[in-house]
Every structure is written in structure tokens, then in C-alpha cells.
>>> print(open('protein-v1.txt').read())   # compact mmCIF, C-alpha atoms
# COMPACT_ATOMS: atom_id res chain seq x y z
CA MET Z 915 19.07 3.71 13.91
CA ARG Z 916 16.71 2.74 11.08
CA PHE Z 917 12.92 2.80 11.20
CA SER Z 918 9.91 0.97 9.85
CA ILE Z 919 6.35 2.19 9.92
CA TYR Z 920 4.19 -0.40 11.65
CA LEU Z 921 0.67 -0.61 10.20
CA ASN Z 922 -1.92 -1.87 12.68
CA PRO Z 923 -5.00 0.40 12.69
CA GLN Z 924 -8.10 -0.52 14.67
CA THR Z 925 -11.71 -0.20 13.48
CA ARG Z 926 -15.01 0.21 15.32
CA GLY Z 927 -17.28 -0.84 12.46
CA PRO Z 928 -17.64 -1.48 8.72
CA GLU Z 929 -18.27 2.18 7.96
CA GLU Z 930 -14.69 2.95 9.05
CA ASP Z 931 -12.88 0.14 7.21
CA VAL Z 932 -12.37 1.71 3.78
CA PRO Z 933 -11.16 5.14 4.97
CA ILE Z 934 -8.85 3.47 7.52
CA ILE Z 935 -7.25 1.28 4.85
CA ASP Z 936 -6.94 4.27 2.51
CA ALA Z 937 -5.18 6.24 5.28
CA THR Z 938 -2.94 3.26 6.04
CA VAL Z 939 -1.77 3.00 2.45
CA ASP Z 940 -1.23 6.76 2.22
CA GLN Z 941 0.88 6.84 5.39
CA ALA Z 942 3.00 3.87 4.29
CA VAL Z 943 3.79 5.51 0.97
CA ARG Z 944 4.44 8.91 2.52
CA ALA Z 945 6.72 7.53 5.25
CA THR Z 946 8.86 5.40 2.96
CA ARG Z 947 9.25 8.19 0.42
CA ALA Z 948 10.43 10.42 3.28
CA GLY Z 949 13.17 7.99 4.29
CA VAL Z 950 11.57 5.36 6.53
CA GLN Z 951 13.23 2.17 5.33
CA GLY Z 952 10.69 -0.52 6.17
CA ILE Z 953 7.00 -1.38 6.39
CA ALA Z 954 5.84 -3.75 9.14
CA LEU Z 955 2.47 -5.47 8.78
CA THR Z 956 0.69 -7.65 11.30
CA GLU Z 957 -2.03 -10.32 11.18
CA HIS Z 958 -5.32 -10.08 13.07
CA HIS Z 959 -8.84 -11.20 12.22
CA PHE Z 960 -12.43 -10.49 13.32
CA SER Z 961 -11.48 -8.52 16.43
CA GLY Z 962 -11.51 -4.93 15.17
CA TYR Z 963 -7.74 -5.02 15.62
CA ASN Z 964 -5.76 -4.46 12.41
CA THR Z 965 -8.39 -3.43 9.89
CA TYR Z 966 -6.81 -4.93 6.76
CA GLY Z 967 -6.36 -8.41 8.26
CA ASN Z 968 -4.28 -10.00 5.48
CA ASN Z 969 -0.70 -8.77 5.75
CA PHE Z 970 0.54 -10.81 2.77
CA MET Z 971 -2.05 -9.23 0.48
CA LEU Z 972 -1.48 -5.66 1.68
CA ALA Z 973 2.30 -6.03 1.37
CA SER Z 974 1.84 -7.21 -2.21
CA TYR Z 975 -0.30 -4.16 -2.95
CA LEU Z 976 2.17 -1.73 -1.39
CA ALA Z 977 5.30 -3.19 -2.97
CA SER Z 978 4.88 -1.38 -6.29
CA GLN Z 979 4.02 1.97 -4.66
CA VAL Z 980 7.01 2.46 -2.34
CA PRO Z 981 10.74 2.85 -3.04
CA ALA Z 982 12.14 -0.31 -4.57
CA ASP Z 983 14.52 -1.01 -1.68
CA THR Z 984 11.84 -0.80 1.03
CA ARG Z 985 12.09 -3.76 3.38
CA PHE Z 986 8.79 -5.50 4.21
CA LEU Z 987 8.48 -7.12 7.62
CA LEU Z 988 5.55 -9.32 8.53
CA ALA Z 989 5.28 -8.80 12.25
CA VAL Z 990 3.82 -11.29 12.39
CA ALA Z 991 2.20 -14.20 10.60
CA VAL Z 992 0.55 -16.72 12.96
CA PRO Z 993 1.42 -20.23 11.70
CA THR Z 994 -1.28 -21.99 13.73
CA LEU Z 995 -3.96 -20.03 11.84
CA HIS Z 996 -2.66 -21.12 8.42
CA ASN Z 997 -2.46 -24.21 6.29
CA PRO Z 998 1.34 -24.71 6.30
CA MET Z 999 1.53 -25.42 2.56
CA ARG Z 1000 -0.34 -22.22 1.69
CA LEU Z 1001 1.76 -20.29 4.20
CA ALA Z 1002 4.96 -21.54 2.53
CA GLN Z 1003 3.61 -20.56 -0.88
CA SER Z 1004 2.57 -17.10 0.32
CA CYS Z 1005 6.01 -16.48 1.83
CA ASN Z 1006 7.78 -17.37 -1.40
CA LEU Z 1007 5.45 -15.37 -3.63
CA LEU Z 1008 5.75 -12.25 -1.48
CA ASP Z 1009 9.53 -12.70 -1.46
CA ILE Z 1010 9.46 -12.53 -5.26
CA ILE Z 1011 7.12 -9.54 -5.34
CA THR Z 1012 9.40 -7.61 -2.96
CA ARG Z 1013 12.53 -8.79 -4.83
CA GLY Z 1014 13.88 -10.44 -1.71
CA ASN Z 1015 13.27 -7.42 0.54
CA LEU Z 1016 11.16 -9.44 2.97
CA ILE Z 1017 11.43 -10.81 6.50
CA VAL Z 1018 8.53 -12.98 7.62
CA GLY Z 1019 8.15 -13.04 11.39
CA PHE Z 1020 6.19 -15.70 13.24
CA ALA Z 1021 4.44 -15.81 16.62
CA ALA Z 1022 1.69 -17.79 18.32
CA GLY Z 1023 -0.87 -14.97 18.48
CA GLY Z 1024 -3.03 -14.22 21.47
CA SER Z 1025 -6.61 -13.40 20.51
CA PRO Z 1026 -9.30 -15.97 21.32
CA VAL Z 1027 -11.65 -14.21 18.87
CA GLU Z 1028 -9.28 -15.07 16.04
CA TYR Z 1029 -8.72 -18.67 17.10
CA ALA Z 1030 -12.46 -19.19 17.46
CA GLY Z 1031 -13.25 -17.67 14.08
CA LEU Z 1032 -10.68 -19.77 12.26
CA GLY Z 1033 -11.59 -23.01 14.01
CA ARG Z 1034 -8.38 -23.38 16.00
CA ASP Z 1035 -7.80 -24.47 19.58
CA PRO Z 1036 -5.83 -21.73 21.38
CA SER Z 1037 -4.77 -24.03 24.21
CA VAL Z 1038 -2.20 -25.68 21.91
CA ARG Z 1039 -1.13 -22.56 20.04
CA HIS Z 1040 2.54 -22.59 21.14
CA GLU Z 1041 3.11 -26.28 20.47
CA GLN Z 1042 1.27 -26.06 17.18
CA MET Z 1043 3.18 -22.95 16.13
CA MET Z 1044 6.45 -24.83 16.51
CA HIS Z 1045 5.06 -27.92 14.80
CA ASN Z 1046 3.55 -25.94 11.92
CA LEU Z 1047 6.83 -24.07 11.41
CA ASP Z 1048 8.64 -27.40 11.16
CA VAL Z 1049 6.10 -28.66 8.62
CA MET Z 1050 6.43 -25.45 6.60
CA GLU Z 1051 10.23 -25.56 6.59
CA ARG Z 1052 10.29 -29.19 5.50
CA ALA Z 1053 7.92 -28.34 2.68
CA LEU Z 1054 10.08 -25.40 1.57
CA ASP Z 1055 13.15 -27.65 1.50
CA LYS Z 1056 11.48 -30.42 -0.53
CA LYS Z 1057 12.66 -30.93 -4.12
CA ASP Z 1058 10.66 -32.45 -6.96
CA THR Z 1059 12.82 -35.55 -6.82
CA ASP Z 1060 12.43 -36.10 -3.06
CA PRO Z 1061 9.98 -38.70 -1.72
CA ASP Z 1062 6.43 -37.57 -0.99
CA TYR Z 1063 6.16 -35.49 2.16
CA ASP Z 1064 3.18 -36.64 4.22
CA TRP Z 1065 2.39 -33.99 6.80
CA SER Z 1066 -0.18 -33.35 9.49
CA THR Z 1067 -1.06 -30.70 12.05
CA ALA Z 1068 -3.61 -30.70 14.86
CA PHE Z 1069 -6.20 -29.45 12.36
CA GLU Z 1070 -5.43 -30.93 8.91
CA HIS Z 1071 -3.11 -33.14 6.91
CA GLY Z 1072 -1.84 -33.66 3.37
CA SER Z 1073 0.83 -35.08 1.10
CA LEU Z 1074 3.22 -32.86 -0.85
CA ARG Z 1075 4.19 -34.77 -4.00
CA THR Z 1076 6.29 -32.19 -5.84
CA ARG Z 1077 7.56 -28.91 -4.35
CA ILE Z 1078 6.33 -25.58 -3.05
CA MET Z 1079 5.74 -23.33 -6.03
CA PRO Z 1080 6.93 -20.68 -6.64
CA ALA Z 1081 10.45 -20.81 -5.26
CA ALA Z 1082 11.60 -17.77 -3.29
CA PHE Z 1083 13.37 -14.86 -5.01
CA HIS Z 1084 16.87 -16.16 -4.32
CA ALA Z 1085 15.82 -19.78 -4.96
CA ALA Z 1086 16.05 -20.47 -1.22
CA ARG Z 1087 13.50 -19.75 1.45
CA PRO Z 1088 12.76 -16.14 2.43
CA LYS Z 1089 14.29 -14.56 5.50
CA PHE Z 1090 12.45 -15.53 8.68
CA ALA Z 1091 12.10 -14.01 12.16
CA ARG Z 1092 10.52 -14.97 15.43
CA ALA Z 1093 8.68 -12.55 17.68
CA THR Z 1094 9.38 -13.35 21.31
CA GLN Z 1095 9.44 -11.72 24.73
CA ASN Z 1096 11.54 -14.21 26.70
CA ASP Z 1097 15.11 -15.49 26.83
CA GLU Z 1098 14.19 -19.01 25.77
CA GLY Z 1099 12.64 -17.68 22.57
CA VAL Z 1100 15.62 -15.39 21.98
CA VAL Z 1101 18.07 -18.29 22.24
CA TRP Z 1102 15.94 -20.43 19.91
CA THR Z 1103 15.85 -17.57 17.39
CA GLY Z 1104 19.61 -17.03 17.54
CA ARG Z 1105 20.36 -20.72 17.11
CA LYS Z 1106 18.13 -20.80 14.03
CA GLY Z 1107 19.91 -17.77 12.62
CA TRP Z 1108 16.58 -15.95 12.27
CA TYR Z 1109 15.91 -12.27 12.90
CA LEU Z 1110 14.54 -11.20 16.29
CA PHE Z 1111 11.32 -9.20 16.66
CA THR Z 1112 10.41 -7.98 20.14
CA ALA Z 1113 8.36 -5.25 21.80
CA ARG Z 1114 6.69 -3.83 24.89
CA GLU Z 1115 9.70 -3.39 27.12
CA THR Z 1116 12.00 -0.64 28.29
CA ALA Z 1117 15.50 -0.10 26.94
CA ASP Z 1118 17.12 -1.55 30.07
CA VAL Z 1119 15.33 -4.85 29.37
CA ILE Z 1120 15.71 -4.79 25.58
CA GLY Z 1121 19.47 -4.15 25.69
CA PRO Z 1122 20.36 -7.44 27.45
CA ARG Z 1123 17.84 -9.25 25.23
CA PHE Z 1124 19.67 -8.10 22.11
CA LYS Z 1125 23.05 -8.94 23.62
CA LEU Z 1126 21.85 -12.47 24.36
CA TYR Z 1127 20.64 -12.71 20.76
CA ALA Z 1128 23.96 -11.47 19.33
CA ASP Z 1129 25.93 -13.80 21.60
CA THR Z 1130 23.79 -16.76 20.51
CA LEU Z 1131 24.28 -15.92 16.84
CA ALA Z 1132 28.04 -15.81 17.39
CA ALA Z 1133 28.05 -19.07 19.36
CA SER Z 1134 26.18 -20.74 16.49
CA GLY Z 1135 29.15 -20.02 14.21
CA MET Z 1136 27.45 -17.43 12.02
CA ASP Z 1137 29.69 -15.23 9.89
CA PRO Z 1138 30.27 -11.79 11.49
CA ALA Z 1139 28.87 -9.94 8.47
CA ALA Z 1140 25.69 -12.01 8.63
CA ILE Z 1141 25.39 -11.27 12.35
CA GLU Z 1142 25.64 -7.55 11.66
CA GLU Z 1143 22.90 -7.80 9.04
CA ARG Z 1144 20.66 -9.67 11.48
CA LEU Z 1145 21.20 -6.95 14.08
CA ASP Z 1146 20.52 -4.21 11.51
CA TRP Z 1147 17.04 -5.56 10.76
CA SER Z 1148 15.92 -7.20 13.99
CA LEU Z 1149 13.44 -4.84 15.59
CA VAL Z 1150 11.76 -3.36 18.64
CA GLN Z 1151 8.17 -2.22 18.16
CA LYS Z 1152 6.69 0.86 19.87
CA GLN Z 1153 3.46 2.82 19.67
CA VAL Z 1154 4.19 6.50 19.15
CA ILE Z 1155 2.33 9.73 19.89
CA ILE Z 1156 4.10 13.03 19.21
CA GLY Z 1157 2.69 16.42 20.08
CA GLN Z 1158 3.99 19.96 20.13
CA THR Z 1159 4.48 19.55 23.88
CA ASP Z 1160 4.85 16.64 26.28
CA GLU Z 1161 1.58 17.59 27.97
CA GLU Z 1162 -0.38 17.61 24.72
CA ALA Z 1163 1.04 14.23 23.66
CA MET Z 1164 0.46 12.62 27.05
CA GLY Z 1165 -3.13 13.80 27.28
CA PHE Z 1166 -3.91 12.38 23.87
CA ALA Z 1167 -2.10 9.13 24.70
CA ARG Z 1168 -4.30 8.57 27.74
CA GLU Z 1169 -7.41 9.14 25.64
CA ARG Z 1170 -6.22 6.52 23.15
CA MET Z 1171 -5.43 4.01 25.88
CA ALA Z 1172 -8.91 4.41 27.34
CA GLU Z 1173 -10.40 3.65 23.90
CA MET Z 1174 -8.10 0.66 23.36
CA GLY Z 1175 -8.67 -0.72 26.83
CA ALA Z 1176 -12.44 -0.56 26.52
CA HIS Z 1177 -12.35 -2.26 23.13
CA GLN Z 1178 -9.99 -4.98 24.34
CA LYS Z 1179 -12.20 -5.71 27.33
CA LYS Z 1180 -15.27 -5.98 25.10
CA SER Z 1181 -13.49 -8.21 22.59
CA PHE Z 1182 -12.21 -10.67 25.19
CA ALA Z 1183 -15.61 -10.78 26.88
CA MET Z 1184 -17.05 -12.34 23.70
CA THR Z 1185 -14.91 -15.46 24.07
CA GLY Z 1186 -15.55 -16.78 27.56
CA ASP Z 1187 -16.63 -20.10 26.05
CA VAL Z 1188 -13.41 -20.51 24.03
CA LYS Z 1189 -10.99 -23.07 25.42
CA ASP Z 1190 -8.06 -21.42 27.22
CA ALA Z 1191 -9.56 -17.95 26.73
CA LYS Z 1192 -8.84 -17.04 30.35
CA HIS Z 1193 -5.18 -17.93 29.92
CA LEU Z 1194 -5.02 -15.94 26.70
CA ARG Z 1195 -5.93 -12.82 28.63
CA SER Z 1196 -2.75 -13.23 30.64
CA VAL Z 1197 -0.33 -13.76 27.75
CA VAL Z 1198 -1.11 -10.73 25.60
CA GLY Z 1199 1.57 -8.82 27.51
CA VAL Z 1200 1.15 -5.35 28.93
CA SER Z 1201 -2.36 -4.05 28.29
CA PRO Z 1202 -3.83 -0.56 27.78
CA GLN Z 1203 -6.21 -1.54 30.57
CA ASN Z 1204 -3.16 -0.81 32.78
CA PRO Z 1205 -2.33 2.60 31.29
CA ASP Z 1206 0.72 3.56 33.37
CA GLU Z 1207 2.47 0.26 32.65
CA PHE Z 1208 1.45 0.43 28.99
CA LEU Z 1209 2.90 3.94 28.68
CA GLN Z 1210 6.18 2.83 30.23
CA ARG Z 1211 6.69 -0.37 28.28
CA ALA Z 1212 4.79 -0.12 25.01
CA MET Z 1213 4.82 3.53 24.02
CA VAL Z 1214 7.02 6.47 23.09
CA VAL Z 1215 5.16 9.69 23.89
CA GLY Z 1216 6.07 13.36 23.99
CA SER Z 1217 7.31 16.34 22.04
CA PRO Z 1218 9.76 15.74 19.17
CA ASP Z 1219 12.67 16.39 21.55
CA THR Z 1220 11.32 13.94 24.14
CA VAL Z 1221 10.57 11.24 21.57
CA ALA Z 1222 14.02 11.58 20.01
CA ALA Z 1223 15.59 11.24 23.46
CA GLN Z 1224 13.54 8.14 24.22
CA ILE Z 1225 14.52 6.56 20.90
CA GLN Z 1226 18.16 7.38 21.64
CA THR Z 1227 17.99 5.31 24.83
CA PHE Z 1228 17.22 2.28 22.66
CA ALA Z 1229 20.04 3.15 20.28
CA ASP Z 1230 22.38 3.41 23.25
CA ALA Z 1231 21.18 -0.04 24.39
CA GLY Z 1232 22.24 -1.55 21.06
CA VAL Z 1233 18.95 -1.43 19.12
CA ARG Z 1234 19.48 -0.56 15.45
CA HIS Z 1235 15.92 -0.77 14.12
CA MET Z 1236 12.63 0.40 15.59
CA SER Z 1237 9.21 -0.30 14.12
CA LEU Z 1238 6.87 2.54 15.00
CA LEU Z 1239 3.07 2.47 15.10
CA PHE Z 1240 1.39 5.85 14.60
CA ASN Z 1241 -2.24 4.90 13.85
CA PHE Z 1242 -3.92 3.02 16.70
CA GLY Z 1243 -6.57 3.46 19.35
CA PHE Z 1244 -9.20 4.46 16.78
CA MET Z 1245 -7.39 7.61 15.67
CA THR Z 1246 -8.61 9.59 12.72
CA ALA Z 1247 -6.28 9.93 9.75
CA ALA Z 1248 -5.64 13.53 10.78
CA GLU Z 1249 -4.77 12.57 14.36
CA SER Z 1250 -2.30 9.85 13.43
CA GLY Z 1251 -1.02 11.98 10.57
CA ARG Z 1252 0.03 14.75 12.97
CA SER Z 1253 2.30 12.38 14.89
CA LEU Z 1254 3.69 10.95 11.67
CA ASP Z 1255 4.37 14.41 10.23
CA LEU Z 1256 6.20 15.49 13.38
CA PHE Z 1257 8.25 12.30 13.30
CA LEU Z 1258 9.18 12.66 9.64
CA GLY Z 1259 9.93 16.36 9.91
CA GLU Z 1260 11.55 16.71 13.34
CA VAL Z 1261 12.64 13.29 14.66
CA LEU Z 1262 13.73 11.17 11.71
CA PRO Z 1263 16.37 13.68 10.47
CA ARG Z 1264 18.22 13.38 13.79
CA PHE Z 1265 18.87 9.68 13.14
CA LYS Z 1266 19.60 9.77 9.42
CA SER Z 1267 22.88 9.84 7.55
CA PRO Z 1268 23.31 10.50 3.82
CA ALA Z 1269 23.63 6.75 3.27
CA ASP Z 1270 20.09 6.30 4.55
CA ALA Z 1271 18.41 8.26 1.79
CA PRO Z 1272 15.69 6.51 -0.23
CA GLY Z 1273 16.94 4.69 -3.31
CA ASN Z 1274 20.48 4.11 -2.06
CA GLY Z 1275 20.16 0.31 -2.01
CA ASN Z 1276 20.49 0.11 1.76
CA GLY Z 1277 17.06 -1.46 2.17
>>> encode(input="protein-v1.txt", output="C-alpha cells")
Amino acid sequence: MRFSIYLNPQTRGPEEDVPIIDATVDQAVRATRAGVQGIALTEHHFSGYNTYGNNFMLASYLASQVPADTRFLLAVAVPTLHNPMRLAQSCNLLDIITRGNLIVGFAAGGSPVEYAGLGRDPSVRHEQMMHNLDVMERALDKKDTDPDYDWSTAFEHGSLRTRIMPAAFHAARPKFARATQNDEGVVWTGRKGWYLFTARETADVIGPRFKLYADTLAASGMDPAAIEERLDWSLVQKQVIIGQTDEEAMGFARERMAEMGAHQKKSFAMTGDVKDAKHLRSVVGVSPQNPDEFLQRAMVVGSPDTVAAQIQTFADAGVRHMSLLFNFGFMTAAESGRSLDLFLGEVLPRFKSPADAPGNGNG
């Protein structure tokens, strides 16, 4: 099992933004220097969810501060919220900055606040995600000598006369992933040969999902070594709270869920006039407004022994990489830091081998 630290802190107001981002950077550096092999960064805007907002920019900032073989995972970028030419350029530039240690994941997003703020129609987000990805890939493949590429999306259009600049680190496109929660998306991802990002399910559901993915990769004719590499870095994301005892961790988890649920309810209430906002409430997956279900499907909570046992159930189900979120639900740096310290000191060593040490080139 390998691990990434997933950075997605929430903020209640501008007075919190700077200290939250400072704590986020500190925890990313500390975790990777302690042996966590990846950093996962997400994209959210305007909603109080994910304080730093721009995952490409923060990844660029972190790249020079962490071990050179740290893998960066954008989990995710939302294609519908981007100009596809600028998205292609950002992917390639970050691939160079990270020296090819990058996987860019894509998903449709689910916050009406974000769609409203960026002038997008959320009712077509899935169709436009697929269309925008196609536009972006065609742009990345275009050579200087190819005919002009005239492109359009639901929101803008253009004509690419030359090529996307810069090229990616290996002179091809960066590695890509899709975040999905259903079998149709898993099959699409496997047929594309992309990495699989998934979350918010129990090990008994995730195990068959990864088997379907591996079987699809094999059926597509991918080389066995390439399949193994895909499985090494595909991920399951979980929110983690570790305490000295199960009771301490569970009590704190319920406090955090109450904070998150209240904030989510307030945020979604601001967008009743946004097209398809009602439907968006139903597609965000399991919600902290349903705390028991959220605990079961989205979280890993308990003492170090309990958390290690829960992680082992995913390892036993065939998961090789988990992306763990420690700072969420409006935690202070000290509160999230306690869980992270317990993970680094008492959980991570149970899943490490000498080959996993920082600087070994395994990233």
C-alpha cells in the first residue's frame, strides 16, 4: 500500500485563508518527507471548500519543496470550468515542473456555486466534460504542421493554428485519470488506459470496481507492466481522523461532520436559482448531512490500530494506493496535525517496506 496526502481544507472566512494555506503547505512537506509518496490536490471555487482553489498553481509551488520523486495527483481538475486550450497548457507545464511525476484526474464537479461563479451551465456538465476532454486531447495531439484545429464548446470557441506550448515532460501528453463512482465510468477509464480515481465507498464495493478496471485494461491489450503501474497509482480517497482511542476519534469525527453538513446546506441554499441545482444536490454522493452513512463510506476513523485495520481491508480488496485527507471540516492546524502525526508515526510504518523510503526513485 502507498499513500498520498489529499489537500482539501475548508474555510469559513477570509481571516482564515492565509493560516489554512500555510498549514496545508506545511503538512504536505512534512508528510512527503516522512515517506508519503504523493500529494493529491483538488479544484473548488467560491464555496469555502478547498481554500487554495487553484490546484495547478499550488502543485507548482510545492514541487520544489518536497522530495523529487513525489507524485502529484490532481484529484481533480473540472474540464467544464476551463478553457480547454489553457487546460492543456497547464497540464503540460505542470508535467514539466514535476519532471513527469504527475497524474491529472478529471471529473464533472458537483457544486452549483462554482458553476454559477464561472458562468457555466451545470445541467450539461457531464456532456460538456466529455466534449471538453476530447477538445483538449485533440489540441495536445496537434503538431505545428497539422491543419488548423477549429474547436468549440458550449461556452466558447477558437482556432489552434500551431500547437500547445510547452510540450509535456516526455514530449507526449501527461498521464491522465478519471474520477468516477460507477461501472460505466470505470470501463471508459480502462479502455482509455487512464488511471482510476474513486472514493466514498466501502472495501467490498471498491474491490470489484478495481477488478473491473484491471480486467478492462487487460482486455484493451495493455502491456502487463503498464497495467501494474496503473494499479499502483490509481487511488481510493478517504477522510481520516485518528485519535488515541476509538471513542476520542469518533466523537471528534461527529463534530466535524456537523460542521461540514451545516456549511454544505448553507452553500447549496445560495444556488436555488441556478439551473439544475436541485439535481446537483443528489449527485454529490454521500453527504455529511447523513453522518452514519458518511462515516461508513467516506471516512476512516479510530485509534491507530483501528485505522490500520481499516486500511488493510482495502489492501486485501486489491487497492494499492490510498489518498488520505486529514484537514477538513474546519479543523485547526493543531487538530488536523494530531491525526497526521499519529498516521505518520504509528500507521504508515506498518505499510512501508525499505523500498518505499523517500528518495528511492519509486515515486
>>> closest_atom_pairs(input="protein-v1.txt", of="range 1101-1150 of chain Z", to="range 979-997 of chain Z", cutoff="10 Å", atoms="only C-alpha atoms", output="tab-separated table")
residue	atom	partner	partner_atom	distance
Z:Phe1111	CA	Z:Ala989	CA	7.5
Z:Thr1112	CA	Z:Ala989	CA	9.4
Z:Trp1147	CA	Z:Arg985	CA	9.1
Z:Ser1148	CA	Z:Leu987	CA	9.8
Z:Leu1149	CA	Z:Leu987	CA	9.7
>>> atom_distance(input="protein-v1.txt", atom1="CA of Gly949 in chain Z", atom2="CA of Glu1162 in chain Z")
26.3 Å
>>> closest_residue(input="protein-v1.txt", among="Z:Val1233, Z:Ala1212, Z:Ala1022, Z:Leu1007", to="Tyr1127 in chain Z", atoms="all atoms listed in the file")
Z:Val1233
>>> atom_distance(input="protein-v1.txt", atom1="CA of Tyr1109 in chain Z", atom2="CA of Gly1019 in chain Z")
7.9 Å
>>> closest_residue(input="protein-v1.txt", among="Z:Gln1151, Z:Gln1095, Z:Asn969, Z:Ser1217", to="Val1119 in chain Z", atoms="all atoms listed in the file")
Z:Gln1095
>>> atom_distance(input="protein-v1.txt", atom1="CA of Glu1161 in chain Z", atom2="CA of Arg1234 in chain Z")
28.4 Å
>>> residues_around(input="protein-v1.txt", residues="Lys1125 in chain Z", least_positions_apart="2", cutoff="12 Å", atoms="only C-alpha atoms", output="list in words")
Asp1097, Val1100, Val1101, Gly1104, Leu1110, Asp1118, Val1119, Ile1120, Gly1121, Pro1122, Arg1123, Tyr1127, Ala1128, Asp1129, Thr1130, Leu1131, Ala1132, Ile1141, Leu1145, Ala1231, Gly1232 and Val1233 of chain Z
>>> closest_residue(input="protein-v1.txt", among="Z:Leu1258, Z:Arg1105, Z:Val943, Z:Ile1155", to="Ala1133 in chain Z", atoms="only C-alpha atoms")
Z:Arg1105
>>> residues_around(input="protein-v1.txt", residues="Gly1107 in chain Z", least_positions_apart="4", cutoff="8 Å", atoms="only C-alpha atoms", output="ChimeraX atom specification")
/Z:1103,1131,1134,1136
